[in-house]
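S.K.: First, the structure itself, so that you have it in front of you.
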There are 2 protein chains.
Amino acid sequence: MRDSEKVVMTAGPHQRRPLSHEAIVTEAVAFIDEHGLADLSMRRLGQRLGVEAMSLYRYVDGREALLDGVVNHVTSGLQIDPHRALLPSDGWHAFLHDVATQVRGIALEHPRVFPLVATRSPSAPWLRPPLRSLDLVENFLEGLLHRGFDDAGAVAAYRAFSSFLLGHLLLEVSALGAETAPAEEPLAEPDHRPVDETADELGERPNLVRLRHQLSADHSSQEFEESLENLLDRLERLVA
Amino acid sequence: MRDSEKVVMTAGPHQRRPLSHEAIVTEAVAFIDEHGLADLSMRRLGQRLGVEAMSLYRYVDGREALLDGVVNHVTSGLQIDPHRALLPSDGWHAFLHDVATQVRGIALEHPRVFPLVATRSPSAPWLRPPLRSLDLVENFLEGLLHRGFDDAGAVAAYRAFSSFLLGHLLLEVSALGAETAPAEEPLAEPDHRPVDETADELGERPNLVRLRHQLSADHSSQEFEESLENLLDRLERLVA
DNA sequence: ACCTGAACACCGTTCAAGT
DNA sequence: ACCTGAACACCGTTCAAGT
């Protein structure tokens, strides 16, 4: 850790609600949202809860288990009810659209947690991120089967859908990081470079120079919807 | 770190080739391939190079910079030559297929490094994982423009392509992790559970019980090819 | 029952000192 | 020029001891 980013985390004995697995995990999520995963330590988390780090070990099984808890916590907000109709004219189309929108909501609410959801090893070989719990997948499959998919189709849809969500949402939160990360010390040397400051870095790369604004432009919502529609079209072939 | 997984890393003073940025990064990649990112420390990496940890700081700017170096190193193997024809009848179709295959090759060669490629914040807002360097993106865009894409089409293709690669490859390496992770202590209690050992964990989840083998089955190569073909079809609409 | 002090084996990083 | 010893401020984790 460089000296300039040494973290002091002065938030003193915060509240001192009764400790519990739930309370600890919730606070860990809040911490990562604010400071990022790299700054999360058992000691600092304890401090935020008004307790010494060692106390946390009564409720969580170490740091790795805590991170599993964090992933479970953010994904447990998902409501996948396989049998309730979402609209008058419900179908698997609406069902998948709803699940996709919910997962995207989580990713955007917790952009610094989502990479964890995307990259932690699933706990069983039949689970894939980002729908990584037994209940979530059971309900997801049931929702599709209930709406006309056969077994093979539902399995194929689970895979294609997982891959779609991972790709789009990771790209989206990664773009969020790219905008905020370079602003580490925004007040350092306000303007010592020429107006077109990026010309130097980009150098002899004419396409990048010409297209960098288009490349940075954010159309993630539309792209998400369009790609999702495309995926749904593809899945038409799988429904029995 | 639980006691059972305490790492001893007994590989003594390995070689003692002359230290350099390149040598250090290369060894770091090898280390992550073998032991995973969590076990990589400056001290252990120094040990592997026959040197004290402090010596590494002459050549790399700390651990975070080392990880950036690791990401650059594995992606620098990519050969994106925008103007050389890959086949007699070259076109953007073949060009994208080639790039996709190369990136997939990297992910499968370094499954424990790829999550880093996928999740580290890009160094500029016009870069997206997994094609995260200025040269890579410049060549990628040039390759498409050279084969008939206009500016907007090339930018849209870059995005769709990035998302596709991220999703598929992360899903694929994540599946690799799920198979190896539970086998932490494979000799502990060989068979004390009933034959259908998974029935307990899966509980009242009939779809999972019935489909778990299909869910675990690996068809990643075919799925990659098929989804890629689908993406290429979609991109037809973008070419001028 | 719940929390802590003290301790252990590790970290990343700096820097004056060695060769 | 290149490497190291010693030191500093941190880690995760255990466990006997306190209340």
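In the structure tokens, chains take the letters A, B, ... in the order shown, each chain's residues start at 1, and ligands count up from 1 in the order shown.
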Find the residues of chain C in contact range of chain A, meaning any atom within 9 Å when counting only C-alpha atoms (C1' of nucleotides), and list them as a compact mmCIF listing (two decimals) with N, CA and C atoms (P, O5', C5', C4', C3', O3' and C1' of nucleotides), in the first residue's frame.
M.R.:
```txt
# COMPACT_ATOMS: atom_id res chain seq x y z
P DC C 2 -24.11 -15.66 23.34
O5' DC C 2 -22.90 -14.71 23.70
C5' DC C 2 -23.19 -13.35 24.09
C4' DC C 2 -21.90 -12.68 24.45
C3' DC C 2 -21.04 -12.30 23.25
O3' DC C 2 -21.06 -10.89 23.14
C1' DC C 2 -19.74 -13.19 25.04
P DC C 3 -20.32 -10.17 21.94
O5' DC C 3 -18.89 -9.95 22.56
C5' DC C 3 -18.72 -8.82 23.42
C4' DC C 3 -17.37 -8.90 24.09
C3' DC C 3 -16.20 -8.49 23.21
O3' DC C 3 -15.73 -7.22 23.66
C1' DC C 3 -15.73 -10.44 24.52
P DT C 4 -14.45 -6.60 22.92
O5' DT C 4 -13.26 -7.25 23.75
C5' DT C 4 -13.14 -6.96 25.12
C4' DT C 4 -11.83 -7.51 25.64
C3' DT C 4 -10.59 -7.03 24.89
O3' DT C 4 -9.63 -6.68 25.85
C1' DT C 4 -10.60 -9.38 24.99
P DG C 12 3.12 -9.57 0.71
O5' DG C 12 3.06 -7.99 0.98
C5' DG C 12 1.82 -7.32 0.84
C4' DG C 12 2.04 -5.84 1.08
C3' DG C 12 3.01 -5.21 0.09
O3' DG C 12 2.52 -3.91 -0.24
C1' DG C 12 3.85 -4.98 2.31
P DT C 13 3.25 -3.02 -1.33
O5' DT C 13 4.34 -2.28 -0.44
C5' DT C 13 3.89 -1.48 0.65
C4' DT C 13 5.07 -0.85 1.34
C3' DT C 13 6.17 -0.36 0.40
O3' DT C 13 6.21 1.06 0.50
C1' DT C 13 7.05 -1.48 2.31
```
S.K.: Which residues in range 52-144 of chain B does DSSP call helix (DSSP H, G or I)? List them as a VMD selection string.
M.R.: chain B and resid 53 to 56 63 to 75 92 to 109 114 to 119 134 to 144
S.K.: Set the cut-off to 8 Å and count only C-alpha atoms: what are the residues of chain A that reach chain B? Output as a PyMOL selection string.
M.R.: chain A and resi 1+62+115+118-129+134-135+137-138+141-142+151-152+155+162-168+170-171+174-175+177-179+181-182+202+205-208+211-216
S.K.: Do you have the CA of Arg44 in chain A-CA of Ala28 in chain A distance handy?
M.R.: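 Atom-to-atom, CA of Arg44 in chain A and CA of Ala28 in chain A are spaced 9.8 Å apart.
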S.K.: Is it possible to see chain A as a JSON list (two decimals) with C-alpha atoms, in the first residue's frame, once it has been laid onto chain B by a least-squares fit on every C-alpha atom in order?
M.R.:
```json
[["chain", "number", "residue", "atom", "x", "y", "z"],
["A", 1, "MET", "CA", -5.84, -19.11, 6.52],
["A", 2, "ARG", "CA", -6.88, -22.34, 8.12],
["A", 3, "ASP", "CA", -4.19, -24.48, 9.65],
["A", 4, "SER", "CA", -4.79, -27.31, 7.21],
["A", 5, "GLU", "CA", -3.94, -25.14, 4.22],
["A", 6, "LYS", "CA", -0.91, -23.43, 5.66],
["A", 7, "VAL", "CA", 1.46, -23.17, 2.74],
["A", 8, "VAL", "CA", 5.06, -24.07, 3.20],
["A", 9, "MET", "CA", 6.33, -23.53, -0.34],
["A", 10, "THR", "CA", 9.58, -25.35, 0.21],
["A", 11, "ALA", "CA", 11.01, -24.68, -3.22],
["A", 12, "GLY", "CA", 14.41, -23.40, -2.19],
["A", 13, "PRO", "CA", 16.72, -20.94, -3.96],
["A", 14, "HIS", "CA", 15.54, -21.95, -7.37],
["A", 15, "GLN", "CA", 17.83, -20.65, -10.02],
["A", 16, "ARG", "CA", 19.10, -17.15, -9.45],
["A", 17, "ARG", "CA", 18.89, -15.85, -12.98],
["A", 18, "PRO", "CA", 19.60, -12.13, -13.07],
["A", 19, "LEU", "CA", 16.64, -10.25, -11.68],
["A", 20, "SER", "CA", 14.54, -8.10, -13.99],
["A", 21, "HIS", "CA", 10.99, -6.85, -14.34],
["A", 22, "GLU", "CA", 10.35, -9.54, -16.93],
["A", 23, "ALA", "CA", 11.79, -12.36, -14.83],
["A", 24, "ILE", "CA", 9.78, -11.33, -11.78],
["A", 25, "VAL", "CA", 6.48, -11.05, -13.62],
["A", 26, "THR", "CA", 7.05, -14.36, -15.38],
["A", 27, "GLU", "CA", 7.70, -16.07, -12.07],
["A", 28, "ALA", "CA", 4.60, -14.45, -10.56],
["A", 29, "VAL", "CA", 2.46, -15.89, -13.36],
["A", 30, "ALA", "CA", 3.94, -19.33, -12.78],
["A", 31, "PHE", "CA", 3.29, -19.00, -9.06],
["A", 32, "ILE", "CA", -0.36, -18.05, -9.55],
["A", 33, "ASP", "CA", -0.80, -20.89, -12.04],
["A", 34, "GLU", "CA", 0.48, -23.32, -9.43],
["A", 35, "HIS", "CA", -0.83, -21.98, -6.14],
["A", 36, "GLY", "CA", -3.43, -19.32, -6.87],
["A", 37, "LEU", "CA", -3.44, -15.59, -6.30],
["A", 38, "ALA", "CA", -4.22, -15.81, -2.60],
["A", 39, "ASP", "CA", -0.91, -17.50, -1.83],
["A", 40, "LEU", "CA", 1.23, -15.04, -3.76],
["A", 41, "SER", "CA", 3.26, -12.80, -1.48],
["A", 42, "MET", "CA", 6.26, -10.66, -2.22],
["A", 43, "ARG", "CA", 8.28, -12.71, 0.24],
["A", 44, "ARG", "CA", 7.40, -16.06, -1.27],
["A", 45, "LEU", "CA", 7.96, -14.76, -4.76],
["A", 46, "GLY", "CA", 11.38, -13.49, -3.72],
["A", 47, "GLN", "CA", 12.15, -16.87, -2.23],
["A", 48, "ARG", "CA", 11.34, -18.56, -5.52],
["A", 49, "LEU", "CA", 13.72, -16.23, -7.28],
["A", 50, "GLY", "CA", 16.47, -16.85, -4.74],
["A", 51, "VAL", "CA", 16.30, -13.34, -3.37],
["A", 52, "GLU", "CA", 14.86, -11.41, -0.44],
["A", 53, "ALA", "CA", 11.49, -9.76, -0.97],
["A", 54, "MET", "CA", 12.97, -6.28, -0.70],
["A", 55, "SER", "CA", 15.00, -6.79, -3.85],
["A", 56, "LEU", "CA", 11.85, -6.99, -5.93],
["A", 57, "TYR", "CA", 11.10, -3.36, -5.25],
["A", 58, "ARG", "CA", 13.98, -2.33, -7.49],
["A", 59, "TYR", "CA", 12.03, -3.69, -10.46],
["A", 60, "VAL", "CA", 8.35, -3.54, -9.61],
["A", 61, "ASP", "CA", 6.43, -0.78, -7.95],
["A", 62, "GLY", "CA", 4.80, -2.87, -5.24],
["A", 63, "ARG", "CA", 2.33, -5.71, -5.23],
["A", 64, "GLU", "CA", -0.50, -3.98, -7.05],
["A", 65, "ALA", "CA", 1.82, -2.93, -9.86],
["A", 66, "LEU", "CA", 3.11, -6.48, -10.01],
["A", 67, "LEU", "CA", -0.44, -7.75, -10.57],
["A", 68, "ASP", "CA", -0.88, -5.24, -13.36],
["A", 69, "GLY", "CA", 2.32, -6.65, -14.80],
["A", 70, "VAL", "CA", 0.92, -10.15, -14.55],
["A", 71, "VAL", "CA", -2.19, -9.15, -16.47],
["A", 72, "ASN", "CA", -0.14, -7.42, -19.13],
["A", 73, "HIS", "CA", 2.18, -10.37, -19.40],
["A", 74, "VAL", "CA", -0.47, -12.98, -20.10],
["A", 75, "THR", "CA", -2.34, -10.76, -22.54],
["A", 76, "SER", "CA", 0.82, -9.72, -24.34],
["A", 77, "GLY", "CA", 0.87, -13.18, -25.87],
["A", 78, "LEU", "CA", -2.00, -12.09, -28.11],
["A", 79, "GLN", "CA", -1.10, -11.56, -31.75],
["A", 80, "ILE", "CA", -3.59, -9.21, -33.31],
["A", 81, "ASP", "CA", -2.23, -8.28, -36.69],
["A", 82, "PRO", "CA", -4.92, -6.11, -38.25],
["A", 83, "HIS", "CA", -3.73, -6.35, -41.85],
["A", 84, "ARG", "CA", -2.47, -9.86, -42.37],
["A", 85, "ALA", "CA", -5.00, -12.17, -43.92],
["A", 86, "LEU", "CA", -5.55, -15.33, -41.89],
["A", 87, "LEU", "CA", -7.04, -17.33, -44.68],
["A", 88, "PRO", "CA", -7.24, -17.04, -48.46],
["A", 89, "SER", "CA", -10.79, -15.79, -48.08],
["A", 90, "ASP", "CA", -10.24, -13.58, -45.08],
["A", 91, "GLY", "CA", -12.89, -11.30, -43.64],
["A", 92, "TRP", "CA", -13.86, -9.82, -40.31],
["A", 93, "HIS", "CA", -15.54, -13.11, -39.53],
["A", 94, "ALA", "CA", -12.23, -14.97, -39.58],
["A", 95, "PHE", "CA", -10.50, -12.08, -37.84],
["A", 96, "LEU", "CA", -12.85, -12.11, -34.86],
["A", 97, "HIS", "CA", -12.86, -15.86, -34.69],
["A", 98, "ASP", "CA", -9.09, -15.81, -34.47],
["A", 99, "VAL", "CA", -8.97, -13.21, -31.73],
["A", 100, "ALA", "CA", -11.64, -15.04, -29.74],
["A", 101, "THR", "CA", -9.75, -18.31, -30.01],
["A", 102, "GLN", "CA", -6.54, -16.69, -28.86],
["A", 103, "VAL", "CA", -8.14, -15.10, -25.82],
["A", 104, "ARG", "CA", -9.80, -18.37, -24.92],
["A", 105, "GLY", "CA", -6.43, -20.07, -25.18],
["A", 106, "ILE", "CA", -4.99, -17.66, -22.64],
["A", 107, "ALA", "CA", -7.90, -18.16, -20.26],
["A", 108, "LEU", "CA", -7.49, -21.93, -20.37],
["A", 109, "GLU", "CA", -3.72, -21.77, -20.06],
["A", 110, "HIS", "CA", -3.98, -19.51, -17.02],
["A", 111, "PRO", "CA", -7.36, -20.16, -15.43],
["A", 112, "ARG", "CA", -6.27, -18.72, -12.09],
["A", 113, "VAL", "CA", -4.95, -15.54, -13.69],
["A", 114, "PHE", "CA", -7.91, -14.86, -15.95],
["A", 115, "PRO", "CA", -10.21, -13.52, -13.20],
["A", 116, "LEU", "CA", -7.57, -10.85, -12.70],
["A", 117, "VAL", "CA", -7.69, -9.98, -16.39],
["A", 118, "ALA", "CA", -11.45, -9.81, -16.14],
["A", 119, "THR", "CA", -11.80, -7.73, -13.00],
["A", 120, "ARG", "CA", -8.87, -5.33, -12.60],
["A", 121, "SER", "CA", -9.94, -1.78, -13.36],
["A", 122, "PRO", "CA", -8.82, -0.80, -16.85],
["A", 123, "SER", "CA", -6.24, 1.97, -16.93],
["A", 124, "ALA", "CA", -8.32, 4.22, -19.15],
["A", 125, "PRO", "CA", -12.05, 4.73, -19.66],
["A", 126, "TRP", "CA", -11.85, 3.63, -23.29],
["A", 127, "LEU", "CA", -10.46, 0.22, -22.45],
["A", 128, "ARG", "CA", -12.52, -2.78, -21.42],
["A", 129, "PRO", "CA", -11.48, -6.23, -20.30],
["A", 130, "PRO", "CA", -10.24, -8.57, -21.54],
["A", 131, "LEU", "CA", -8.59, -6.51, -24.35],
["A", 132, "ARG", "CA", -7.14, -4.03, -21.92],
["A", 133, "SER", "CA", -4.15, -2.44, -23.58],
["A", 134, "LEU", "CA", -3.93, 0.48, -25.97],
["A", 135, "ASP", "CA", -2.11, -1.54, -28.61],
["A", 136, "LEU", "CA", -4.52, -4.45, -28.43],
["A", 137, "VAL", "CA", -7.55, -2.21, -28.87],
["A", 138, "GLU", "CA", -5.95, -0.11, -31.59],
["A", 139, "ASN", "CA", -5.17, -3.23, -33.56],
["A", 140, "PHE", "CA", -8.56, -4.73, -32.90],
["A", 141, "LEU", "CA", -10.32, -1.62, -34.20],
["A", 142, "GLU", "CA", -8.00, -1.36, -37.17],
["A", 143, "GLY", "CA", -8.67, -4.98, -38.03],
["A", 144, "LEU", "CA", -12.40, -4.35, -38.19],
["A", 145, "LEU", "CA", -12.16, -1.01, -39.99],
["A", 146, "HIS", "CA", -9.87, -2.58, -42.54],
["A", 147, "ARG", "CA", -12.51, -5.23, -43.20],
["A", 148, "GLY", "CA", -15.50, -3.02, -43.80],
["A", 149, "PHE", "CA", -16.73, -1.74, -40.44],
["A", 150, "ASP", "CA", -17.36, 1.94, -39.97],
["A", 151, "ASP", "CA", -16.39, 3.76, -36.78],
["A", 152, "ALA", "CA", -19.62, 3.23, -34.90],
["A", 153, "GLY", "CA", -19.77, -0.41, -35.94],
["A", 154, "ALA", "CA", -16.24, -1.11, -34.78],
["A", 155, "VAL", "CA", -16.90, 0.48, -31.40],
["A", 156, "ALA", "CA", -20.13, -1.46, -30.95],
["A", 157, "ALA", "CA", -18.36, -4.66, -31.99],
["A", 158, "TYR", "CA", -15.56, -4.03, -29.47],
["A", 159, "ARG", "CA", -18.12, -3.79, -26.71],
["A", 160, "ALA", "CA", -20.22, -6.77, -27.71],
["A", 161, "PHE", "CA", -17.10, -8.84, -28.25],
["A", 162, "SER", "CA", -15.63, -7.90, -24.87],
["A", 163, "SER", "CA", -18.81, -8.81, -23.09],
["A", 164, "PHE", "CA", -19.02, -12.11, -24.94],
["A", 165, "LEU", "CA", -15.46, -13.10, -24.05],
["A", 166, "LEU", "CA", -15.80, -12.08, -20.41],
["A", 167, "GLY", "CA", -18.98, -14.01, -19.91],
["A", 168, "HIS", "CA", -17.98, -17.21, -21.60],
["A", 169, "LEU", "CA", -14.45, -17.43, -20.37],
["A", 170, "LEU", "CA", -15.20, -16.50, -16.80],
["A", 171, "LEU", "CA", -17.93, -19.11, -16.75],
["A", 172, "GLU", "CA", -15.50, -21.64, -18.11],
["A", 173, "VAL", "CA", -12.65, -21.01, -15.70],
["A", 174, "SER", "CA", -15.11, -20.76, -12.84],
["A", 175, "ALA", "CA", -16.31, -24.27, -13.69],
["A", 176, "LEU", "CA", -12.71, -25.45, -13.55],
["A", 177, "GLY", "CA", -12.43, -24.01, -10.05],
["A", 178, "ALA", "CA", -15.63, -25.67, -8.88],
["A", 179, "GLU", "CA", -14.33, -29.10, -9.74],
["A", 180, "THR", "CA", -11.01, -28.73, -7.99],
["A", 181, "ALA", "CA", -11.99, -26.59, -5.00],
["A", 182, "PRO", "CA", -14.10, -29.11, -3.05],
["A", 183, "ALA", "CA", -11.23, -31.60, -3.25],
["A", 184, "GLU", "CA", -9.27, -29.77, -0.58],
["A", 185, "GLU", "CA", -8.76, -32.78, 1.61],
["A", 186, "PRO", "CA", -9.65, -35.66, -0.61],
["A", 187, "LEU", "CA", -8.34, -38.33, 1.71],
["A", 188, "ALA", "CA", -10.10, -37.21, 4.87],
["A", 189, "GLU", "CA", -13.15, -39.46, 5.14],
["A", 190, "PRO", "CA", -13.33, -41.43, 1.95],
["A", 191, "ASP", "CA", -16.85, -42.74, 2.07],
["A", 192, "HIS", "CA", -18.80, -42.32, 5.26],
["A", 193, "ARG", "CA", -21.90, -41.06, 3.49],
["A", 194, "PRO", "CA", -24.48, -43.15, 1.61],
["A", 195, "VAL", "CA", -23.96, -43.85, -2.07],
["A", 196, "ASP", "CA", -26.07, -40.94, -3.23],
["A", 197, "GLU", "CA", -24.12, -38.51, -1.16],
["A", 198, "THR", "CA", -25.58, -35.45, -2.80],
["A", 199, "ALA", "CA", -29.20, -36.15, -1.89],
["A", 200, "ASP", "CA", -28.73, -34.53, 1.51],
["A", 201, "GLU", "CA", -27.26, -31.29, 0.27],
["A", 202, "LEU", "CA", -29.71, -30.93, -2.55],
["A", 203, "GLY", "CA", -32.64, -31.64, -0.25],
["A", 204, "GLU", "CA", -36.10, -30.78, -1.51],
["A", 205, "ARG", "CA", -34.95, -29.51, -4.88],
["A", 206, "PRO", "CA", -36.26, -31.99, -7.42],
["A", 207, "ASN", "CA", -35.06, -30.16, -10.52],
["A", 208, "LEU", "CA", -31.52, -29.93, -9.23],
["A", 209, "VAL", "CA", -31.51, -33.57, -8.22],
["A", 210, "ARG", "CA", -32.72, -34.63, -11.64],
["A", 211, "LEU", "CA", -30.55, -32.25, -13.68],
["A", 212, "ARG", "CA", -27.34, -32.04, -11.71],
["A", 213, "HIS", "CA", -25.40, -34.22, -14.09],
["A", 214, "GLN", "CA", -26.53, -32.23, -17.08],
["A", 215, "LEU", "CA", -25.67, -29.06, -15.21],
["A", 216, "SER", "CA", -22.17, -30.32, -14.47],
["A", 217, "ALA", "CA", -21.55, -31.65, -17.96],
["A", 218, "ASP", "CA", -18.95, -29.70, -19.85],
["A", 219, "HIS", "CA", -19.72, -28.63, -23.38],
["A", 220, "SER", "CA", -17.78, -25.41, -23.19],
["A", 221, "SER", "CA", -15.97, -25.73, -26.51],
["A", 222, "GLN", "CA", -19.12, -26.27, -28.54],
["A", 223, "GLU", "CA", -20.99, -23.61, -26.61],
["A", 224, "PHE", "CA", -18.18, -21.18, -27.19],
["A", 225, "GLU", "CA", -18.23, -21.82, -30.93],
["A", 226, "GLU", "CA", -21.99, -21.64, -31.16],
["A", 227, "SER", "CA", -22.30, -18.45, -29.16],
["A", 228, "LEU", "CA", -19.49, -16.92, -31.15],
["A", 229, "GLU", "CA", -21.25, -17.77, -34.40],
["A", 230, "ASN", "CA", -24.36, -16.18, -33.02],
["A", 231, "LEU", "CA", -22.47, -13.04, -32.10],
["A", 232, "LEU", "CA", -20.96, -12.86, -35.57],
["A", 233, "ASP", "CA", -24.42, -13.15, -37.10],
["A", 234, "ARG", "CA", -25.59, -10.29, -34.92],
["A", 235, "LEU", "CA", -22.65, -8.17, -35.97],
["A", 236, "GLU", "CA", -23.61, -8.54, -39.64],
["A", 237, "ARG", "CA", -26.08, -5.74, -38.98],
["A", 238, "LEU", "CA", -23.26, -3.43, -37.93],
["A", 239, "VAL", "CA", -21.01, -3.76, -40.94],
["A", 240, "ALA", "CA", -21.48, -0.84, -43.29]]
```
S.K.: To one decimal place, how far is C1' of DA9 in chain C from C1' of DT19 in chain D in Å?
M.R.: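 About the pair C1' of DA9 in chain C and C1' of DT19 in chain D: they are 29.3 Å apart.
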